[in-house]
$ cat run-v2.cif   # mmCIF, C-alpha atoms and all ligand atoms
data_coords
#
loop_
_atom_site.label_atom_id
_atom_site.label_comp_id
_atom_site.auth_asym_id
_atom_site.auth_seq_id
_atom_site.Cartn_x
_atom_site.Cartn_y
_atom_site.Cartn_z
CA MET A 17 9.59 20.91 -20.82
CA LYS A 18 6.74 23.15 -21.99
CA ILE A 19 3.05 22.36 -22.31
CA GLY A 20 1.78 25.13 -24.52
CA ASN A 21 2.88 28.34 -22.82
CA ILE A 22 3.43 26.65 -19.45
CA THR A 23 6.98 25.76 -18.51
CA LEU A 24 7.16 22.80 -16.16
CA GLU A 25 9.82 22.87 -13.47
CA SER A 26 10.52 19.27 -14.32
CA PRO A 27 9.18 16.72 -16.84
CA VAL A 28 7.81 14.57 -14.03
CA ILE A 29 4.04 14.36 -13.70
CA LEU A 30 1.67 12.81 -11.18
CA ALA A 31 -0.86 10.65 -13.07
CA PRO A 32 -4.58 11.21 -12.66
CA MET A 33 -6.01 8.44 -10.48
CA SER A 34 -9.67 8.40 -9.47
CA GLY A 35 -10.03 7.91 -5.75
CA VAL A 36 -6.32 8.55 -5.15
CA THR A 37 -5.06 11.85 -6.57
CA ASP A 38 -7.49 14.05 -4.68
CA MET A 39 -6.49 17.48 -3.46
CA PRO A 40 -4.76 16.30 -0.23
CA PHE A 41 -2.59 13.83 -2.14
CA ARG A 42 -1.81 16.22 -5.00
CA LYS A 43 -0.81 18.93 -2.54
CA LEU A 44 1.45 16.53 -0.68
CA VAL A 45 3.18 15.33 -3.86
CA LYS A 46 3.50 18.93 -5.03
CA LYS A 47 5.02 19.96 -1.70
CA PHE A 48 7.87 17.50 -2.20
CA GLY A 49 8.23 18.51 -5.82
CA THR A 50 6.80 17.54 -9.19
CA GLY A 51 6.42 19.23 -12.56
CA LEU A 52 2.66 18.89 -12.77
CA VAL A 53 -0.26 17.26 -11.00
CA VAL A 54 -3.45 16.12 -12.71
CA SER A 55 -6.88 15.96 -11.09
CA GLU A 56 -8.93 12.82 -10.82
CA MET A 57 -11.05 12.20 -13.91
CA ILE A 58 -14.02 14.58 -13.92
CA ALA A 59 -17.20 13.47 -15.71
CA SER A 60 -18.03 16.39 -17.99
CA GLN A 61 -21.81 16.01 -17.75
CA GLU A 62 -21.62 15.93 -13.93
CA MET A 63 -19.58 19.12 -14.07
CA LEU A 64 -22.33 20.84 -16.04
CA ARG A 65 -24.96 19.47 -13.68
CA ALA A 66 -22.96 21.23 -10.96
CA SER A 67 -22.81 18.09 -8.83
CA THR A 68 -21.27 19.14 -5.53
CA LYS A 69 -19.00 16.10 -5.38
CA THR A 70 -17.69 16.68 -8.91
CA GLN A 71 -17.17 20.39 -8.37
CA LYS A 72 -15.19 19.65 -5.22
CA MET A 73 -13.08 17.10 -7.12
CA ALA A 74 -12.36 19.66 -9.82
CA THR A 75 -11.44 22.51 -7.51
CA PRO A 76 -7.80 23.41 -7.98
CA CYS A 77 -5.93 25.29 -5.29
CA GLU A 78 -2.98 27.64 -5.65
CA ASP A 79 -0.53 25.36 -3.83
CA GLU A 80 -0.72 22.84 -6.65
CA ASN A 81 -0.14 25.14 -9.63
CA PRO A 82 0.20 24.28 -12.39
CA ILE A 83 -2.65 21.81 -12.34
CA ALA A 84 -4.30 19.95 -15.19
CA VAL A 85 -7.96 19.10 -14.75
CA GLN A 86 -8.88 15.93 -16.58
CA LEU A 87 -12.26 15.63 -18.27
CA ALA A 88 -14.06 12.52 -19.46
CA GLY A 89 -17.07 12.38 -21.73
CA THR A 90 -18.40 11.67 -25.19
CA ASP A 91 -20.26 14.79 -26.25
CA PRO A 92 -18.00 17.44 -27.82
CA GLU A 93 -20.28 20.30 -26.74
CA ILE A 94 -20.53 19.12 -23.15
CA MET A 95 -16.79 18.51 -23.00
CA ALA A 96 -16.20 22.02 -24.36
CA GLU A 97 -18.56 23.58 -21.81
CA ALA A 98 -16.99 21.64 -18.96
CA ALA A 99 -13.54 22.74 -20.16
CA LYS A 100 -14.65 26.39 -20.12
CA MET A 101 -16.00 26.01 -16.60
CA ASN A 102 -12.74 24.52 -15.39
CA GLU A 103 -10.68 27.20 -17.07
CA ALA A 104 -12.78 29.80 -15.26
CA ARG A 105 -12.26 27.93 -11.99
CA GLY A 106 -8.49 28.10 -12.32
CA ALA A 107 -7.35 25.03 -14.28
CA ASP A 108 -4.02 25.73 -15.98
CA ILE A 109 -4.36 22.85 -18.44
CA ILE A 110 -7.34 20.77 -19.61
CA ASP A 111 -6.60 17.10 -20.17
CA ILE A 112 -8.91 14.83 -22.15
CA ASN A 113 -9.33 11.25 -20.92
CA MET A 114 -9.04 8.74 -23.77
CA GLY A 115 -7.41 6.00 -21.73
CA CYS A 116 -9.72 4.90 -18.94
CA PRO A 117 -10.42 1.17 -19.41
CA VAL A 118 -13.07 0.77 -16.72
CA LYS A 119 -16.29 -0.91 -17.92
CA LYS A 120 -18.62 1.72 -16.50
CA VAL A 121 -16.74 4.43 -18.45
CA VAL A 122 -16.27 2.63 -21.77
CA LYS A 123 -19.90 1.46 -21.71
CA SER A 124 -20.88 5.08 -22.21
CA TYR A 125 -18.25 5.30 -24.99
CA ALA A 126 -15.94 7.54 -22.94
CA GLY A 127 -12.33 7.02 -21.83
CA SER A 128 -10.47 4.47 -23.95
CA ALA A 129 -13.66 3.71 -25.94
CA LEU A 130 -12.98 6.99 -27.77
CA MET A 131 -9.93 5.33 -29.32
CA ARG A 132 -12.38 3.13 -31.25
CA ASN A 133 -14.19 6.14 -32.65
CA GLU A 134 -11.52 8.36 -34.16
CA LYS A 135 -14.06 10.75 -35.70
CA LEU A 136 -15.67 11.49 -32.34
CA ALA A 137 -12.29 11.64 -30.62
CA GLY A 138 -11.21 14.25 -33.17
CA GLU A 139 -14.40 16.27 -32.69
CA ILE A 140 -13.92 16.29 -28.93
CA MET A 141 -10.30 17.42 -29.19
CA GLN A 142 -11.24 20.21 -31.60
CA ALA A 143 -14.23 21.37 -29.55
CA VAL A 144 -12.29 21.49 -26.29
CA LYS A 145 -9.35 23.25 -27.90
CA LYS A 146 -11.66 25.87 -29.41
CA ALA A 147 -13.44 26.45 -26.11
CA VAL A 148 -10.49 27.44 -23.92
CA SER A 149 -7.35 29.50 -24.08
CA VAL A 150 -5.33 27.32 -21.68
CA PRO A 151 -3.34 24.42 -23.19
CA VAL A 152 -5.26 21.22 -23.92
CA THR A 153 -3.67 17.79 -23.64
CA VAL A 154 -4.85 14.20 -24.09
CA LYS A 155 -4.05 10.96 -22.30
CA MET A 156 -4.55 7.68 -24.11
CA ARG A 157 -3.36 4.09 -24.38
CA LEU A 158 -1.62 2.35 -27.30
CA GLY A 159 -5.01 1.40 -28.73
CA TRP A 160 -8.09 -0.62 -27.88
CA ASP A 161 -6.41 -3.97 -28.44
CA GLU A 162 -3.42 -5.48 -30.27
CA GLU A 163 -5.37 -5.38 -33.54
CA SER A 164 -6.10 -1.67 -33.30
CA LEU A 165 -2.97 0.14 -32.19
CA ASN A 166 -3.97 3.61 -33.35
CA ALA A 167 -2.23 5.91 -30.87
CA VAL A 168 -0.03 7.30 -33.68
CA THR A 169 -3.10 8.32 -35.69
CA LEU A 170 -4.78 9.87 -32.66
CA ALA A 171 -1.63 11.66 -31.53
CA LYS A 172 -1.30 13.23 -35.00
CA MET A 173 -4.95 14.24 -34.83
CA ALA A 174 -4.27 15.82 -31.44
CA GLU A 175 -1.37 17.79 -32.86
CA ASP A 176 -3.46 18.92 -35.86
CA ALA A 177 -6.24 20.02 -33.51
CA GLY A 178 -3.75 22.28 -31.69
CA LEU A 179 -3.32 20.20 -28.55
CA SER A 180 -0.13 20.82 -26.60
CA CYS A 181 0.92 17.38 -25.35
CA VAL A 182 0.05 13.70 -25.52
CA THR A 183 0.46 11.16 -22.73
CA ILE A 184 0.68 7.49 -23.64
CA HIS A 185 0.12 4.66 -21.19
CA GLY A 186 2.00 1.77 -22.77
CA ARG A 187 -0.86 -0.73 -22.68
CA THR A 188 -3.97 -1.41 -24.74
CA ARG A 189 -7.42 -1.07 -23.25
CA ASN A 190 -7.89 -4.83 -23.31
CA GLN A 191 -4.79 -5.31 -21.20
CA MET A 192 -6.44 -3.21 -18.48
CA TYR A 193 -3.59 -3.20 -15.92
CA GLY A 194 -2.25 -6.68 -16.66
CA GLY A 195 1.28 -7.60 -17.71
CA HIS A 196 3.87 -4.87 -18.07
CA ALA A 197 3.61 -1.57 -19.92
CA ASN A 198 5.33 -1.68 -23.31
CA TRP A 199 7.66 1.33 -23.23
CA ALA A 200 9.22 0.65 -26.65
CA ALA A 201 5.74 0.79 -28.22
CA ILE A 202 5.53 4.47 -27.24
CA ALA A 203 8.54 5.33 -29.49
CA PRO A 204 6.58 5.49 -32.79
CA ILE A 205 4.16 7.95 -31.23
CA LYS A 206 7.01 10.15 -30.02
CA GLN A 207 8.50 10.08 -33.51
CA ALA A 208 5.22 10.89 -35.23
CA VAL A 209 4.50 14.25 -33.58
CA SER A 210 6.44 17.35 -32.64
CA ILE A 211 4.40 18.23 -29.53
CA PRO A 212 5.77 16.76 -26.27
CA VAL A 213 4.98 13.12 -25.54
CA ILE A 214 4.83 11.82 -21.99
CA GLY A 215 5.37 8.15 -21.24
CA ASN A 216 3.37 6.34 -18.58
CA GLY A 217 3.08 2.88 -17.10
CA ASP A 218 4.91 0.88 -14.44
CA ILE A 219 7.54 3.45 -13.46
CA ASN A 220 8.46 2.38 -9.93
CA THR A 221 12.22 2.93 -9.76
CA LEU A 222 14.87 5.28 -11.12
CA GLU A 223 16.02 2.44 -13.34
CA ASP A 224 12.47 2.32 -14.79
CA VAL A 225 12.75 6.03 -15.59
CA ASP A 226 15.95 5.35 -17.54
CA GLN A 227 14.39 2.42 -19.35
CA MET A 228 11.23 4.32 -20.24
CA ARG A 229 13.25 7.21 -21.65
CA THR A 230 15.75 5.04 -23.52
CA GLN A 231 13.15 2.77 -25.05
CA SER A 232 10.60 5.41 -25.99
CA GLY A 233 12.47 8.72 -26.25
CA VAL A 234 9.66 10.52 -24.44
CA ASP A 235 9.93 14.11 -23.25
CA GLY A 236 8.53 13.43 -19.80
CA VAL A 237 7.35 10.71 -17.48
CA MET A 238 4.03 10.28 -15.70
CA ILE A 239 3.89 8.28 -12.49
CA GLY A 240 0.77 6.82 -10.90
CA ARG A 241 0.93 3.77 -8.66
CA GLY A 242 4.64 4.31 -8.09
CA ALA A 243 3.60 7.17 -5.82
CA TYR A 244 1.35 4.98 -3.64
CA GLY A 245 2.63 5.46 -0.10
CA ARG A 246 5.62 7.37 -1.50
CA PRO A 247 4.56 10.95 -2.27
CA TRP A 248 8.28 11.80 -2.31
CA PHE A 249 9.04 9.45 -5.21
CA LEU A 250 8.38 12.05 -7.91
CA LYS A 251 10.85 14.41 -6.23
CA GLN A 252 13.43 11.62 -6.26
CA VAL A 253 12.80 11.24 -10.00
CA MET A 254 13.07 15.01 -10.48
CA ASP A 255 16.43 15.11 -8.71
CA TYR A 256 17.67 12.15 -10.71
CA LEU A 257 16.67 13.73 -14.03
CA ASN A 258 18.08 17.05 -12.97
CA ASP A 259 21.66 15.99 -12.19
CA GLY A 260 21.72 12.24 -11.72
CA SER A 261 21.56 12.51 -7.94
CA ILE A 262 19.96 9.80 -5.84
CA THR A 263 17.88 11.36 -3.08
CA GLU A 264 17.28 9.17 -0.04
CA PRO A 265 13.66 8.62 1.02
CA PRO A 266 12.61 10.46 4.21
CA SER A 267 13.63 8.90 7.53
CA LEU A 268 11.02 6.88 9.43
CA GLU A 269 10.48 9.84 11.78
CA GLU A 270 9.87 12.07 8.77
CA GLN A 271 7.61 9.47 7.19
CA ARG A 272 5.54 9.33 10.38
CA ASP A 273 5.06 13.10 10.24
CA ILE A 274 4.17 12.97 6.54
CA VAL A 275 1.56 10.28 7.17
CA LEU A 276 0.05 12.25 10.06
CA GLU A 277 -0.03 15.43 7.98
CA HIS A 278 -1.67 13.59 5.08
CA TYR A 279 -4.16 11.99 7.46
CA GLN A 280 -5.21 15.35 8.90
CA ALA A 281 -5.52 16.81 5.40
CA MET A 282 -7.83 13.96 4.32
CA LEU A 283 -10.03 14.45 7.40
CA ALA A 284 -10.25 18.18 6.72
CA HIS A 285 -11.04 17.63 3.03
CA TYR A 286 -13.66 14.90 3.36
CA GLY A 287 -14.92 15.35 6.90
CA GLU A 288 -14.41 12.73 9.60
CA HIS A 289 -16.81 10.02 8.47
CA VAL A 290 -15.63 9.76 4.85
CA GLY A 291 -12.06 10.81 5.66
CA VAL A 292 -11.43 7.94 8.09
CA ARG A 293 -12.54 5.41 5.47
CA HIS A 294 -10.85 7.07 2.50
CA ALA A 295 -7.55 7.27 4.38
CA ARG A 296 -7.35 3.51 4.92
CA LYS A 297 -5.97 2.71 1.48
CA HIS A 298 -3.25 5.36 1.80
CA LEU A 299 -2.29 4.09 5.26
CA GLY A 300 -2.14 0.59 3.82
CA TRP A 301 0.31 1.80 1.17
CA TYR A 302 2.46 3.81 3.56
CA CYS A 303 3.17 0.88 5.84
CA LYS A 304 4.26 -1.47 3.04
CA GLY A 305 7.62 -3.06 3.83
CA LEU A 306 7.62 -2.03 7.49
CA LYS A 307 7.50 -4.45 10.42
CA ASP A 308 4.01 -5.69 11.36
CA ALA A 309 2.47 -3.90 8.38
CA THR A 310 -0.23 -6.55 7.93
CA HIS A 311 -1.30 -6.29 11.55
CA PHE A 312 -1.32 -2.46 11.33
CA ARG A 313 -3.42 -2.59 8.15
CA ASN A 314 -5.95 -4.96 9.73
CA GLU A 315 -6.22 -2.84 12.86
CA ILE A 316 -6.73 0.37 10.89
CA MET A 317 -9.65 -1.22 9.05
CA LYS A 318 -11.46 -1.70 12.35
CA LEU A 319 -10.89 1.74 13.86
CA ALA A 320 -13.60 4.34 13.40
CA THR A 321 -12.31 7.48 15.07
CA PRO A 322 -9.42 9.71 13.96
CA GLN A 323 -8.05 9.73 17.51
CA GLU A 324 -7.70 5.94 17.55
CA VAL A 325 -6.14 5.89 14.09
CA THR A 326 -3.71 8.70 14.93
CA GLN A 327 -2.60 6.82 18.05
CA LYS A 328 -2.17 3.64 15.99
CA ILE A 329 -0.01 5.47 13.44
CA HIS A 330 2.17 6.83 16.27
CA ASP A 331 2.54 3.40 17.88
CA PHE A 332 3.29 1.68 14.58
CA TYR A 333 6.01 4.11 13.53
CA THR A 334 7.50 4.32 17.05
CA ALA A 335 7.88 0.53 17.08
CA ASN A 336 9.53 0.60 13.67
CA ILE A 337 11.85 3.48 14.63
CA GLU A 338 12.90 1.69 17.86
CA ARG A 339 13.45 -1.50 15.92
CA LYS A 340 15.73 0.34 13.49
CA VAL A 341 17.75 1.90 16.33
CA ALA A 342 18.09 -1.40 18.23
C1 LIG A 401 -6.82 3.64 -8.97
C2 LIG A 401 -6.53 4.18 -10.34
C3 LIG A 401 -7.32 5.21 -10.82
C4 LIG A 401 -7.06 5.74 -12.10
N1 LIG A 401 -7.81 6.79 -12.54
C5 LIG A 401 -7.50 7.39 -13.73
C6 LIG A 401 -8.16 8.57 -14.15
O1 LIG A 401 -9.02 9.12 -13.46
N2 LIG A 401 -7.79 9.10 -15.36
C7 LIG A 401 -6.82 8.53 -16.15
O2 LIG A 401 -6.52 9.04 -17.23
N3 LIG A 401 -6.17 7.42 -15.75
C8 LIG A 401 -6.47 6.87 -14.56
N4 LIG A 401 -5.76 5.79 -14.14
C9 LIG A 401 -4.61 5.33 -14.93
C10 LIG A 401 -3.31 6.01 -14.46
O3 LIG A 401 -3.35 7.39 -14.70
C11 LIG A 401 -2.09 5.41 -15.19
O4 LIG A 401 -2.27 5.59 -16.56
C12 LIG A 401 -1.91 3.92 -14.89
O5 LIG A 401 -2.08 3.65 -13.52
C13 LIG A 401 -0.53 3.42 -15.35
O6 LIG A 401 0.49 4.16 -14.73
P1 LIG A 401 1.27 3.62 -13.41
O7 LIG A 401 1.78 2.26 -13.73
O8 LIG A 401 2.33 4.64 -13.17
O9 LIG A 401 0.26 3.56 -12.30
C14 LIG A 401 -6.01 5.22 -12.90
C15 LIG A 401 -5.25 4.17 -12.39
C16 LIG A 401 -5.49 3.66 -11.12
C17 LIG A 401 -4.62 2.55 -10.61
#
$ encode --input "run-v2.cif" --output "structure tokens"
Amino acid sequence: MKIGNITLESPVILAPMSGVTDMPFRKLVKKFGTGLVVSEMIASQEMLRASTKTQKMATPCEDENPIAVQLAGTDPEIMAEAAKMNEARGADIIDINMGCPVKKVVKSYAGSALMRNEKLAGEIMQAVKKAVSVPVTVKMRLGWDEESLNAVTLAKMAEDAGLSCVTIHGRTRNQMYGGHANWAAIAPIKQAVSIPVIGNGDINTLEDVDQMRTQSGVDGVMIGRGAYGRPWFLKQVMDYLNDGSITEPPSLEEQRDIVLEHYQAMLAHYGEHVGVRHARKHLGWYCKGLKDATHFRNEIMKLATPQEVTQKIHDFYTANIERKVA
């Protein structure tokens, strides 16, 4: 699959997720294997203000190439400027956020609120496209609500503006994250444009990948929460799409080492104080389904030093490994 002039190794993409797909997580997913990773949503005006936090969030590194940096905002000029800055900083693709449903974002008419203002959405797509030479893509939902399913219109506008790819999350804004993504509802969008269309929403198993592709006909799949605690899942999907093979998840010993590596990377990226707290949600996802996971999760919440947490991770996995052997 190609996005503009960029050939992806595989049509499997890690979804942008604020607070989750930071550099340590993207690098980990990329290390296993994935066609593309996308940054957390970057507020365009914060980018121009050169906020340290935002700049750090938007910093791509070579290990994750190709990387798409996702921008959110409502002002075409600011979005265009922010896109230029990110291109100069090494982004391979600029993605425009037209899908975020969160109140704080839509209140300022950004994210999925842009789907309600097609004129402005069009101006933003054109301005960003004109500003950069790297491919520009857009991620959106099916529409604002059931009465305004306008993803076909917006996808055509994206194609006319010269964008290289459209990602559709099969829900409306008003659904937020409730119910199940409607994969069949993505089909009309795929049929309406000739640029690649990526399907997103509720892909958690290889069977889901089949269903998404059969029902929608999309060119690629984007996976978000399905990668929680399973950074290897996208590689499993890649292998499956490549030749139908079913790749086993890593052994518990390997998982322990992956968790420890990820933990160290988060501490290095955020510093100890923030890193210890930020890591808790990932640790909570990693332990899902293992023995005494609830107890482990509760204990982790109370521990304040990396040394204590590292020891706890060792103990937890050792107990699970011994249990498996016994
Ligand atoms: C914690 C979280 C943060 C998210 N942040 C973003 C974001 O920054 N930009 C974006 O376009 N979508 C964001 N999303 C939406 C996801 O990219 C994706 O569309 C959604 O989770 C559905 O896919 P999934 O079922 O595979 O998770 C976020 C979702 C979650 C759960």
$ closest_residue --input "run-v2.cif" --among "A:Met57, A:Ala174, A:Val85, A:Ala243" --to "Val121 of chain A" --atoms "only C-alpha atoms"
A:Met57
$ atom_distance --input "run-v2.cif" --atom1 "atom CA of Ala177 of chain A" --atom2 "atom CA of Met141 of chain A"
6.5 Å
$ residues_near_ligand --input "run-v2.cif" --ligand "ligand LIG 401 (chain A)" --cutoff "6 Å" --atoms "all atoms listed in the file" --output "ChimeraX atom specification"
/A:31-34,56-57,113,115-116,155,185,216-219,239-242
$ residues_around --input "run-v2.cif" --residues "segment 87-102 of chain A" --least-positions-apart "4" --cutoff "8 Å" --atoms "all atoms listed in the file" --output "VMD selection string"
chain A and resid 57 to 61 63 to 64 74 106 to 107 110 to 114 124 to 127 130 136 139 to 141 143 to 148
$ closest_residue --input "run-v2.cif" --among "A:Gly236, A:Pro204, A:Gly287, A:Gly215" --to "Ile19 of chain A" --atoms "all atoms listed in the file"
A:Gly236
$ atom_distance --input "run-v2.cif" --atom1 "atom CA of Pro322 of chain A" --atom2 "atom CA of Ala295 of chain A"
10.1 Å
$ atom_distance --input "run-v2.cif" --atom1 "atom CA of Ser232 of chain A" --atom2 "atom CA of Ile205 of chain A"
8.7 Å
$ residues_around --input "run-v2.cif" --residues "Gly260 of chain A" --least-positions-apart "4" --cutoff "12 Å" --atoms "only C-alpha atoms" --output "PyMOL selection string"
chain A and resi 222-223+225-226+252-256
$ write_last_selection --input "run-v2.cif" --atoms "C-alpha atoms" --output "mmCIF file, in the coordinates of the input"
data_model
loop_
_atom_site.group_PDB
_atom_site.id
_atom_site.type_symbol
_atom_site.label_atom_id
_atom_site.label_comp_id
_atom_site.auth_asym_id
_atom_site.auth_seq_id
_atom_site.Cartn_x
_atom_site.Cartn_y
_atom_site.Cartn_z
ATOM 1 C CA LEU A 222 14.870 5.280 -11.120
ATOM 2 C CA GLU A 223 16.020 2.440 -13.340
ATOM 3 C CA VAL A 225 12.750 6.030 -15.590
ATOM 4 C CA ASP A 226 15.950 5.350 -17.540
ATOM 5 C CA GLN A 252 13.430 11.620 -6.260
ATOM 6 C CA VAL A 253 12.800 11.240 -10.000
ATOM 7 C CA MET A 254 13.070 15.010 -10.480
ATOM 8 C CA ASP A 255 16.430 15.110 -8.710
ATOM 9 C CA TYR A 256 17.670 12.150 -10.710
#
$ closest_residue --input "run-v2.cif" --among "A:Val292, A:Val45, A:Met39, A:Val213" --to "Met73 of chain A" --atoms "all atoms listed in the file"
A:Met39
$ build_atoms --input "run-v2.cif" --residues "segment 243-263 of chain A" --atoms "N, CA and C atoms" --output "mmCIF file, in the coordinates of the input"
data_model
loop_
_atom_site.group_PDB
_atom_site.id
_atom_site.type_symbol
_atom_site.label_atom_id
_atom_site.label_comp_id
_atom_site.auth_asym_id
_atom_site.auth_seq_id
_atom_site.Cartn_x
_atom_site.Cartn_y
_atom_site.Cartn_z
ATOM 1 N N ALA A 243 3.636 6.174 -6.890
ATOM 2 C CA ALA A 243 3.600 7.170 -5.820
ATOM 3 C C ALA A 243 2.737 6.712 -4.647
ATOM 4 N N TYR A 244 2.150 5.513 -4.757
ATOM 5 C CA TYR A 244 1.350 4.980 -3.640
ATOM 6 C C TYR A 244 2.246 4.883 -2.394
ATOM 7 N N GLY A 245 1.856 5.553 -1.346
ATOM 8 C CA GLY A 245 2.630 5.460 -0.100
ATOM 9 C C GLY A 245 4.011 6.077 -0.195
ATOM 10 N N ARG A 246 4.300 6.749 -1.303
ATOM 11 C CA ARG A 246 5.620 7.370 -1.500
ATOM 12 C C ARG A 246 5.449 8.715 -2.209
ATOM 13 N N PRO A 247 4.784 9.667 -1.578
ATOM 14 C CA PRO A 247 4.560 10.950 -2.270
ATOM 15 C C PRO A 247 5.855 11.663 -2.616
ATOM 16 N N TRP A 248 6.956 11.198 -2.038
ATOM 17 C CA TRP A 248 8.280 11.800 -2.310
ATOM 18 C C TRP A 248 8.951 11.195 -3.540
ATOM 19 N N PHE A 249 8.371 10.147 -4.109
ATOM 20 C CA PHE A 249 9.040 9.450 -5.210
ATOM 21 C C PHE A 249 9.239 10.360 -6.435
ATOM 22 N N LEU A 250 8.243 11.191 -6.728
ATOM 23 C CA LEU A 250 8.380 12.050 -7.910
ATOM 24 C C LEU A 250 9.520 13.054 -7.743
ATOM 25 N N LYS A 251 9.727 13.500 -6.498
ATOM 26 C CA LYS A 251 10.850 14.410 -6.230
ATOM 27 C C LYS A 251 12.178 13.669 -6.449
ATOM 28 N N GLN A 252 12.211 12.404 -6.033
ATOM 29 C CA GLN A 252 13.430 11.620 -6.260
ATOM 30 C C GLN A 252 13.711 11.516 -7.765
ATOM 31 N N VAL A 253 12.638 11.323 -8.548
ATOM 32 C CA VAL A 253 12.800 11.240 -10.000
ATOM 33 C C VAL A 253 13.259 12.585 -10.562
ATOM 34 N N MET A 254 12.669 13.660 -10.031
ATOM 35 C CA MET A 254 13.070 15.010 -10.480
ATOM 36 C C MET A 254 14.560 15.233 -10.249
ATOM 37 N N ASP A 255 15.022 14.904 -9.038
ATOM 38 C CA ASP A 255 16.430 15.110 -8.710
ATOM 39 C C ASP A 255 17.324 14.287 -9.642
ATOM 40 N N TYR A 256 16.897 13.063 -9.865
ATOM 41 C CA TYR A 256 17.670 12.150 -10.710
ATOM 42 C C TYR A 256 17.765 12.704 -12.145
ATOM 43 N N LEU A 257 16.649 13.195 -12.662
ATOM 44 C CA LEU A 257 16.670 13.730 -14.030
ATOM 45 C C LEU A 257 17.436 15.048 -14.099
ATOM 46 N N ASN A 258 17.427 15.749 -12.998
ATOM 47 C CA ASN A 258 18.080 17.050 -12.970
ATOM 48 C C ASN A 258 19.602 16.918 -13.063
ATOM 49 N N ASP A 259 20.189 16.091 -12.167
ATOM 50 C CA ASP A 259 21.660 15.990 -12.190
ATOM 51 C C ASP A 259 22.157 14.597 -11.840
ATOM 52 N N GLY A 260 21.290 13.618 -11.980
ATOM 53 C CA GLY A 260 21.720 12.240 -11.720
ATOM 54 C C GLY A 260 21.800 11.892 -10.250
ATOM 55 N N SER A 261 21.392 12.812 -9.370
ATOM 56 C CA SER A 261 21.560 12.510 -7.940
ATOM 57 C C SER A 261 20.473 11.578 -7.418
ATOM 58 N N ILE A 262 20.879 10.768 -6.444
ATOM 59 C CA ILE A 262 19.960 9.800 -5.840
ATOM 60 C C ILE A 262 19.567 10.359 -4.472
ATOM 61 N N THR A 263 18.346 10.788 -4.345
ATOM 62 C CA THR A 263 17.880 11.360 -3.080
ATOM 63 C C THR A 263 17.302 10.243 -2.213
#
